[in-house]
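Chemist: Sharing model07.txt, compact mmCIF, C-alpha atoms and all ligand atoms:
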```txt
# COMPACT_ATOMS: atom_id res chain seq x y z
CA MET A 1 -74.62 -61.60 -18.34
CA LYS A 2 -76.47 -60.10 -21.29
CA ARG A 3 -78.63 -62.52 -23.28
CA VAL A 4 -78.97 -62.52 -27.07
CA LEU A 5 -81.43 -64.70 -28.98
CA SER A 6 -80.71 -65.90 -32.50
CA ILE A 7 -83.78 -66.81 -34.56
CA ALA A 8 -82.21 -68.54 -37.54
CA THR A 9 -81.33 -71.72 -39.42
CA SER A 10 -78.83 -74.49 -38.70
CA ASP A 11 -75.81 -75.00 -40.99
CA SER A 12 -74.56 -78.59 -40.59
CA GLY A 13 -71.09 -77.41 -41.67
CA ALA A 14 -71.22 -74.90 -38.80
CA GLY A 15 -69.72 -72.06 -40.83
CA ALA A 16 -72.85 -69.91 -41.01
CA GLY A 17 -76.33 -69.79 -39.50
CA ILE A 18 -77.10 -70.62 -35.87
CA GLN A 19 -73.66 -72.14 -35.34
CA ALA A 20 -71.84 -68.97 -36.49
CA ASP A 21 -74.18 -66.92 -34.32
CA LEU A 22 -73.30 -68.88 -31.18
CA LYS A 23 -69.58 -68.52 -31.89
CA ALA A 24 -70.02 -64.76 -32.35
CA PHE A 25 -72.00 -64.49 -29.10
CA LEU A 26 -69.19 -66.25 -27.23
CA ARG A 27 -66.63 -63.95 -28.84
CA CYS A 28 -68.62 -60.85 -27.84
CA GLY A 29 -69.11 -61.94 -24.23
CA VAL A 30 -72.87 -62.47 -24.19
CA TYR A 31 -75.02 -65.55 -23.44
CA GLY A 32 -76.48 -66.84 -26.70
CA THR A 33 -79.81 -68.65 -27.05
CA THR A 34 -81.43 -70.03 -30.20
CA ALA A 35 -84.76 -70.54 -31.91
CA ILE A 36 -84.06 -72.82 -34.87
CA VAL A 37 -86.55 -72.22 -37.69
CA ALA A 38 -85.15 -74.59 -40.32
CA THR A 39 -82.11 -76.73 -40.95
CA THR A 40 -79.82 -77.00 -43.95
CA ALA A 41 -77.79 -79.98 -45.06
CA GLN A 42 -74.71 -77.95 -45.93
CA ASN A 43 -70.93 -77.96 -46.11
CA THR A 44 -68.30 -75.47 -47.33
CA VAL A 45 -69.18 -76.23 -50.97
CA GLY A 46 -72.91 -75.61 -50.82
CA VAL A 47 -76.40 -76.29 -49.52
CA THR A 48 -77.80 -79.68 -50.59
CA ASP A 49 -81.15 -79.57 -48.77
CA ILE A 50 -83.32 -77.26 -46.69
CA PHE A 51 -85.91 -78.57 -44.21
CA ALA A 52 -88.27 -75.93 -42.81
CA PHE A 53 -90.00 -76.32 -39.45
CA PRO A 54 -93.63 -75.26 -38.99
CA PRO A 55 -93.86 -71.66 -37.67
CA GLU A 56 -95.21 -72.95 -34.35
CA VAL A 57 -91.87 -74.65 -33.66
CA ALA A 58 -90.14 -71.27 -33.79
CA GLU A 59 -92.80 -69.54 -31.71
CA LYS A 60 -92.53 -72.13 -28.92
CA GLN A 61 -88.73 -71.80 -28.74
CA ILE A 62 -88.91 -67.99 -28.63
CA GLU A 63 -91.54 -68.11 -25.88
CA ALA A 64 -89.54 -70.68 -23.85
CA VAL A 65 -86.40 -68.54 -23.98
CA ALA A 66 -88.16 -65.24 -23.28
CA SER A 67 -90.22 -66.54 -20.36
CA ASP A 68 -87.26 -67.85 -18.35
CA ILE A 69 -83.84 -66.70 -19.60
CA GLY A 70 -84.88 -63.33 -21.00
CA VAL A 71 -83.74 -61.43 -24.08
CA ASP A 72 -81.58 -58.26 -24.18
CA ALA A 73 -81.30 -58.34 -27.98
CA VAL A 74 -82.47 -60.53 -30.82
CA LYS A 75 -81.02 -61.30 -34.22
CA THR A 76 -83.01 -62.85 -37.05
CA GLY A 77 -81.11 -64.71 -39.76
CA MET A 78 -82.28 -67.11 -42.46
CA LEU A 79 -86.09 -67.46 -42.03
CA PHE A 80 -86.70 -69.17 -45.40
CA ASN A 81 -90.40 -68.56 -46.02
CA ALA A 82 -93.21 -66.03 -45.61
CA GLY A 83 -95.06 -68.02 -42.93
CA MET A 84 -91.94 -68.08 -40.77
CA VAL A 85 -91.17 -64.36 -41.27
CA SER A 86 -94.72 -63.57 -40.20
CA ALA A 87 -94.63 -65.89 -37.13
CA VAL A 88 -91.27 -64.46 -36.01
CA ALA A 89 -92.51 -60.87 -36.41
CA GLY A 90 -95.64 -61.77 -34.42
CA ALA A 91 -93.61 -63.28 -31.55
CA ILE A 92 -91.15 -60.35 -31.40
CA ASP A 93 -94.06 -57.91 -31.31
CA ARG A 94 -96.15 -59.86 -28.78
CA LEU A 95 -93.24 -60.38 -26.38
CA GLY A 96 -91.89 -56.84 -26.86
CA LEU A 97 -88.33 -58.07 -27.54
CA PRO A 98 -85.78 -55.20 -27.57
CA ASN A 99 -82.78 -54.40 -29.83
CA VAL A 100 -83.97 -56.30 -32.90
CA VAL A 101 -81.33 -56.87 -35.61
CA VAL A 102 -82.88 -58.21 -38.82
CA ASP A 103 -80.41 -59.78 -41.26
CA PRO A 104 -82.58 -60.37 -44.35
CA VAL A 105 -80.70 -63.42 -45.62
CA MET A 106 -81.70 -64.19 -49.20
CA VAL A 107 -78.94 -65.96 -51.16
CA ALA A 108 -75.77 -67.77 -49.97
CA GLU A 109 -72.32 -66.95 -51.34
CA SER A 110 -72.52 -70.40 -52.95
CA GLY A 111 -75.67 -69.29 -54.84
CA ALA A 112 -78.21 -71.29 -52.81
CA VAL A 113 -81.59 -69.55 -52.46
CA LEU A 114 -82.23 -69.14 -48.72
CA LEU A 115 -85.51 -67.17 -48.92
CA GLU A 116 -88.58 -67.95 -50.99
CA PRO A 117 -89.29 -64.94 -53.24
CA ASP A 118 -92.80 -64.24 -51.90
CA ALA A 119 -91.39 -63.75 -48.39
CA VAL A 120 -89.78 -60.42 -49.38
CA GLU A 121 -93.10 -58.58 -49.02
CA THR A 122 -93.66 -60.09 -45.56
CA TYR A 123 -90.24 -58.85 -44.43
CA LYS A 124 -91.15 -55.34 -45.57
CA SER A 125 -94.64 -55.22 -44.12
CA GLU A 126 -94.22 -57.18 -40.86
CA LEU A 127 -90.60 -57.51 -39.71
CA PHE A 128 -88.81 -54.33 -40.83
CA PRO A 129 -91.16 -52.04 -38.84
CA LEU A 130 -90.10 -53.89 -35.65
CA ALA A 131 -86.36 -53.69 -36.39
CA THR A 132 -83.80 -51.56 -34.58
CA VAL A 133 -81.38 -52.21 -37.45
CA ILE A 134 -81.62 -54.16 -40.70
CA THR A 135 -78.35 -55.42 -42.17
CA PRO A 136 -78.72 -56.36 -45.86
CA ASN A 137 -75.58 -56.77 -47.95
CA LEU A 138 -75.33 -54.87 -51.24
CA ASN A 139 -77.19 -57.49 -53.28
CA GLU A 140 -79.94 -57.96 -50.69
CA ALA A 141 -80.39 -54.19 -50.28
CA PHE A 142 -81.11 -53.65 -53.98
CA ALA A 143 -83.21 -56.82 -54.26
CA LEU A 144 -85.39 -55.51 -51.40
CA VAL A 145 -86.02 -52.20 -53.16
CA GLY A 146 -86.49 -53.98 -56.50
CA GLU A 147 -83.68 -52.22 -58.37
CA PRO A 148 -80.51 -53.38 -60.13
CA VAL A 149 -77.38 -53.33 -57.95
CA ASP A 150 -75.56 -49.99 -58.28
CA GLU A 151 -72.84 -49.21 -55.75
CA ASP A 152 -73.08 -45.48 -56.56
CA ARG A 153 -76.72 -45.45 -55.41
CA MET A 154 -76.26 -47.06 -51.98
CA GLU A 155 -77.40 -43.92 -50.13
CA ASP A 156 -80.70 -43.70 -52.06
CA CYS A 157 -81.22 -47.41 -51.48
CA ALA A 158 -80.66 -46.97 -47.72
CA VAL A 159 -83.21 -44.13 -47.61
CA THR A 160 -85.81 -46.29 -49.38
CA LEU A 161 -85.15 -49.17 -46.97
CA HIS A 162 -85.40 -46.83 -43.97
CA ALA A 163 -88.85 -45.74 -45.12
CA MET A 164 -89.96 -49.38 -44.69
CA GLY A 165 -89.83 -48.86 -40.90
CA PRO A 166 -86.54 -49.90 -39.26
CA LYS A 167 -84.90 -47.41 -36.89
CA ALA A 168 -81.64 -47.73 -38.84
CA VAL A 169 -80.28 -49.41 -41.97
CA ILE A 170 -76.78 -50.79 -42.42
CA ILE A 171 -75.88 -51.92 -45.93
CA THR A 172 -72.88 -54.14 -45.24
CA GLY A 173 -69.84 -53.57 -47.40
CA GLY A 174 -68.48 -57.07 -47.93
CA HIS A 175 -69.52 -57.02 -51.59
CA THR A 176 -68.50 -53.41 -52.32
CA SER A 177 -65.25 -52.02 -53.72
CA THR A 178 -64.31 -50.26 -50.45
CA GLY A 179 -65.52 -52.83 -47.91
CA ALA A 180 -67.10 -50.02 -45.85
CA ASP A 181 -70.55 -50.45 -44.29
CA LEU A 182 -73.10 -47.66 -44.84
CA LEU A 183 -75.23 -46.68 -41.82
CA TYR A 184 -78.35 -44.53 -42.23
CA ASP A 185 -80.48 -43.66 -39.20
CA GLY A 186 -83.00 -41.36 -40.86
CA GLU A 187 -80.88 -38.28 -40.15
CA GLY A 188 -77.47 -38.82 -41.65
CA PHE A 189 -75.08 -41.28 -43.27
CA LYS A 190 -72.00 -42.78 -41.64
CA ARG A 191 -69.41 -44.91 -43.36
CA ILE A 192 -67.95 -47.58 -41.14
CA GLU A 193 -64.51 -48.37 -42.43
CA GLY A 194 -62.15 -51.00 -41.22
CA PRO A 195 -59.38 -53.25 -42.40
CA VAL A 196 -60.32 -55.28 -45.48
CA HIS A 197 -58.80 -58.75 -45.52
CA PRO A 198 -58.67 -60.36 -48.94
CA SER A 199 -59.77 -63.91 -48.17
CA GLU A 200 -61.71 -66.75 -49.73
CA ASN A 201 -62.77 -67.91 -46.29
CA THR A 202 -65.85 -65.77 -45.81
CA HIS A 203 -68.53 -68.40 -45.17
CA GLY A 204 -70.56 -67.06 -42.25
CA ALA A 205 -69.25 -63.48 -42.34
CA GLY A 206 -72.73 -61.93 -42.59
CA CYS A 207 -74.10 -64.06 -39.73
CA THR A 208 -71.09 -63.19 -37.57
CA TYR A 209 -71.60 -59.50 -38.28
CA SER A 210 -75.31 -59.33 -37.44
CA SER A 211 -74.88 -61.47 -34.29
CA SER A 212 -72.02 -59.26 -33.10
CA LEU A 213 -74.12 -56.17 -33.76
CA ALA A 214 -76.98 -57.58 -31.66
CA SER A 215 -74.48 -58.47 -28.93
CA PHE A 216 -73.04 -54.95 -28.76
CA LEU A 217 -76.54 -53.45 -28.68
CA ALA A 218 -77.36 -55.81 -25.78
CA LEU A 219 -74.20 -54.61 -24.04
CA GLY A 220 -75.53 -51.06 -24.20
CA TYR A 221 -73.57 -49.46 -27.05
CA GLY A 222 -75.34 -47.04 -29.39
CA ILE A 223 -75.96 -48.14 -32.96
CA GLU A 224 -72.88 -46.45 -34.47
CA GLU A 225 -70.45 -47.78 -31.85
CA ALA A 226 -72.06 -51.24 -31.96
CA ALA A 227 -71.77 -51.22 -35.77
CA SER A 228 -68.12 -50.27 -35.64
CA ARG A 229 -67.32 -53.00 -33.10
CA ALA A 230 -69.30 -55.59 -35.09
CA HIS A 231 -67.42 -54.61 -38.26
CA ALA A 232 -64.14 -55.24 -36.43
CA VAL A 233 -65.25 -58.67 -35.14
CA ALA A 234 -66.50 -59.80 -38.57
CA SER A 235 -63.41 -58.61 -40.39
CA GLU A 236 -61.14 -60.31 -37.84
CA ALA A 237 -63.16 -63.50 -38.29
CA VAL A 238 -62.62 -63.31 -42.06
CA GLU A 239 -58.90 -62.67 -41.53
CA HIS A 240 -58.67 -65.85 -39.44
CA GLY A 241 -60.97 -67.86 -41.75
CA LEU A 242 -60.21 -71.57 -41.80
CA GLY A 243 -59.09 -72.41 -45.34
CA GLU A 244 -58.16 -75.94 -44.33
CA ILE A 245 -61.77 -76.85 -43.42
CA GLY A 246 -63.58 -78.38 -46.43
CA GLU A 247 -63.02 -77.92 -50.15
CA GLY A 248 -65.09 -74.74 -50.62
CA ALA A 249 -65.11 -71.30 -48.99
CA GLY A 250 -63.72 -71.89 -45.51
CA PRO A 251 -65.69 -70.83 -42.44
CA VAL A 252 -64.85 -67.56 -40.74
CA HIS A 253 -63.32 -67.91 -37.29
CA ALA A 254 -64.22 -65.41 -34.59
CA LEU A 255 -61.40 -65.62 -32.02
N1 LIG B 301 -76.68 -71.08 -44.34
C1 LIG B 301 -77.36 -70.48 -43.38
C2 LIG B 301 -78.16 -71.32 -42.45
C3 LIG B 301 -77.30 -69.08 -43.27
O1 LIG B 301 -77.98 -68.47 -42.30
C4 LIG B 301 -76.52 -68.34 -44.18
C5 LIG B 301 -76.41 -66.90 -44.11
O2 LIG B 301 -76.97 -66.22 -43.32
C6 LIG B 301 -75.82 -69.02 -45.16
C7 LIG B 301 -75.93 -70.39 -45.21
C8 LIG B 301 -74.98 -68.32 -46.17
O3 LIG B 301 -73.75 -68.01 -45.66
P1 LIG B 301 -72.64 -67.46 -46.65
O4 LIG B 301 -73.32 -66.66 -47.68
O5 LIG B 301 -71.77 -66.65 -45.72
O6 LIG B 301 -71.92 -68.64 -47.19
```
Could you write out this file's structure as structure tokens?

Modeler:
Amino acid sequence: MKRVLSIATSDSGAGAGIQADLKAFLRCGVYGTTAIVATTAQNTVGVTDIFAFPPEVAEKQIEAVASDIGVDAVKTGMLFNAGMVSAVAGAIDRLGLPNVVVDPVMVAESGAVLLEPDAVETYKSELFPLATVITPNLNEAFALVGEPVDEDRMEDCAVTLHAMGPKAVIITGGHTSTGADLLYDGEGFKRIEGPVHPSENTHGAGCTYSSSLASFLALGYGIEEAASRAHAVASEAVEHGLGEIGEGAGPVHAL
């Protein structure tokens, strides 16, 4: 069985973060492992507290998983601060982990800040150059290039992000008018379309997408096919989102 490692943060409400990643791994037919870098006290309404672990805690988990179970792909999610981004980049580089999907999580749908502002530079200088694919959403993509959000300039934004070192960039379309993801691999652009399901129950959609993408890369698909399959899994999970769980945005449900 292929093995995919999530390096990310716990969501006590289990809609997003590590918990969403494990559900996506199960859905995609891979064996999921985890390196938990921080934990949130969180429910469907919002994040009440964030507790960060020291970077060494993440490094030890990554080393334990890699030395015995092995890693066919890795996904990074919420890393919270610059020290953690740097430690995670160092471990991925040192251990030579393959198929690296970097989801540069910055702000939750609920508005909670999930990345300290000074960590943005560390992402660019240390983690993006190791990435097979980075998967910012529209807001994250423009925040990373330091420009105001402009849907008409997504292609330029993707080119600027690609120059930061990842093999490919996918700006996910959940916040755009069409819902299509934009893939740029340094040579050309592809739009990955799929059914758009109007739903309030989107908590964890981004985590589900990036974990599914890592899973399909581990399973041997090329980036475009993996992206298309991951888009389908995430959009299905939104369609089946659990509105009855909690008072806020319900968690997605990857069947
Ligand atoms: N909490 C954690 C731990 C996350 O990793 C993320 C996103 O990656 C979120 C919350 C935000 O999820 P959403 O914006 O889908 O509500």

Chemist: Pick out the residues sitting within 10 Å of Glu187 in chain A, and hand them over as a PyMOL selection string; count all atoms listed in the file, and ignore anything fewer than 3 positions along from it in its own chain.

Modeler: chain A and resi 159+168+184

Chemist: Would you mind telling me which residue in A:Thr132, A:Ser12, A:Thr178, A:Thr33 lies nearest to Ile223 in chain A when using only C-alpha atoms?

Modeler: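 Smallest distance to Ile223 in chain A is found for A:Thr132.
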
Chemist: When you look at Leu97 in chain A with a cut-off of 9 Å (counting only C-alpha atoms), what residues show up, excluding the ones that are within fewer than 6 positions of it in the same chain? I need them as a list in words.

Modeler: Ala66, Val71, Asp72, Ala73, Val74 and Ala91 of chain A

Chemist: Measuring atom to atom with all atoms listed in the file, identify which of A:Phe80, A:Phe128, A:Phe25, A:Tyr221 is nearest to Thr208 in chain A.

Modeler: A:Phe25

Chemist: For Ser215 in chain A, work out the shell of residues within 8 Å, counting only C-alpha atoms and skipping chain neighbours fewer than 3 positions away, then give it as a PyMOL selection string.

Modeler: chain A and resi 4+25+28-30+73+211-212+218-219

Chemist: For His197 in chain A, please output as a PDB file with C-alpha atoms, in the frame of the given file all residues within 7 Å (counting only C-alpha atoms; exclusion window: fewer than 2 positions along the same chain).

Modeler:
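Saved to result_31.pdb:
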```
ATOM      1  CA  PRO A 195     -59.380 -53.250 -42.400  1.00  0.00           C
ATOM      2  CA  SER A 199     -59.770 -63.910 -48.170  1.00  0.00           C
ATOM      3  CA  SER A 235     -63.410 -58.610 -40.390  1.00  0.00           C
ATOM      4  CA  VAL A 238     -62.620 -63.310 -42.060  1.00  0.00           C
ATOM      5  CA  GLU A 239     -58.900 -62.670 -41.530  1.00  0.00           C
TER       6      GLU A 239
END
```

Chemist: Do you know which residues are within 10 Å of ligand LIG 301 (chain B) using only C-alpha atoms and all ligand atoms? Can you write them as JSON, numbers by chain?

Modeler: {"A": [7, 8, 9, 10, 11, 12, 13, 14, 15, 16, 17, 18, 19, 20, 21, 36, 37, 38, 39, 40, 41, 42, 43, 44, 45, 46, 47, 50, 76, 77, 78, 79, 80, 103, 104, 105, 106, 107, 108, 109, 110, 111, 112, 113, 114, 201, 202, 203, 204, 205, 206, 207, 208, 209, 210, 248, 249, 250, 251, 252]}

Chemist: Find the spatial neighbours of Arg153 in chain A, counting all atoms listed in the file, within a cut-off of 12 Å - ignore same-chain residues fewer than 5 positions away - and output them as a CSV table (one decimal) with C-alpha atoms, keeping the file's coordinate frame.

Modeler:
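Saved result, around-v4.csv, follows:
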```csv
chain,number,residue,atom,x,y,z
A,138,LEU,CA,-75.3,-54.9,-51.2
A,141,ALA,CA,-80.4,-54.2,-50.3
A,142,PHE,CA,-81.1,-53.6,-54.0
A,145,VAL,CA,-86.0,-52.2,-53.2
A,147,GLU,CA,-83.7,-52.2,-58.4
A,148,PRO,CA,-80.5,-53.4,-60.1
A,158,ALA,CA,-80.7,-47.0,-47.7
A,159,VAL,CA,-83.2,-44.1,-47.6
A,160,THR,CA,-85.8,-46.3,-49.4
A,171,ILE,CA,-75.9,-51.9,-45.9
A,176,THR,CA,-68.5,-53.4,-52.3
A,182,LEU,CA,-73.1,-47.7,-44.8
```

Chemist: Please determine, counting all atoms listed in the file, which residue among A:Ile69, A:Ala64, A:Ala237, A:Leu22 has the shortest atom-to-atom distance to Met1 in chain A.

Modeler: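 Closest to Met1 in chain A of all the choices is A:Ile69.
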
Chemist: Would you mind reading off the distance between CA of Leu95 in chain A and CA of Lys60 in chain A, one decimal, in Å?

Modeler: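 Spanning CA of Leu95 in chain A to CA of Lys60 in chain A is a straight-line distance of 12.0 Å.
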
Chemist: Restricting the calculation to all atoms listed in the file, which member of A:Val57, A:Leu130, A:Ile245, A:Ala214 is positioned closest to Tyr31 in chain A?

Modeler: A:Ala214
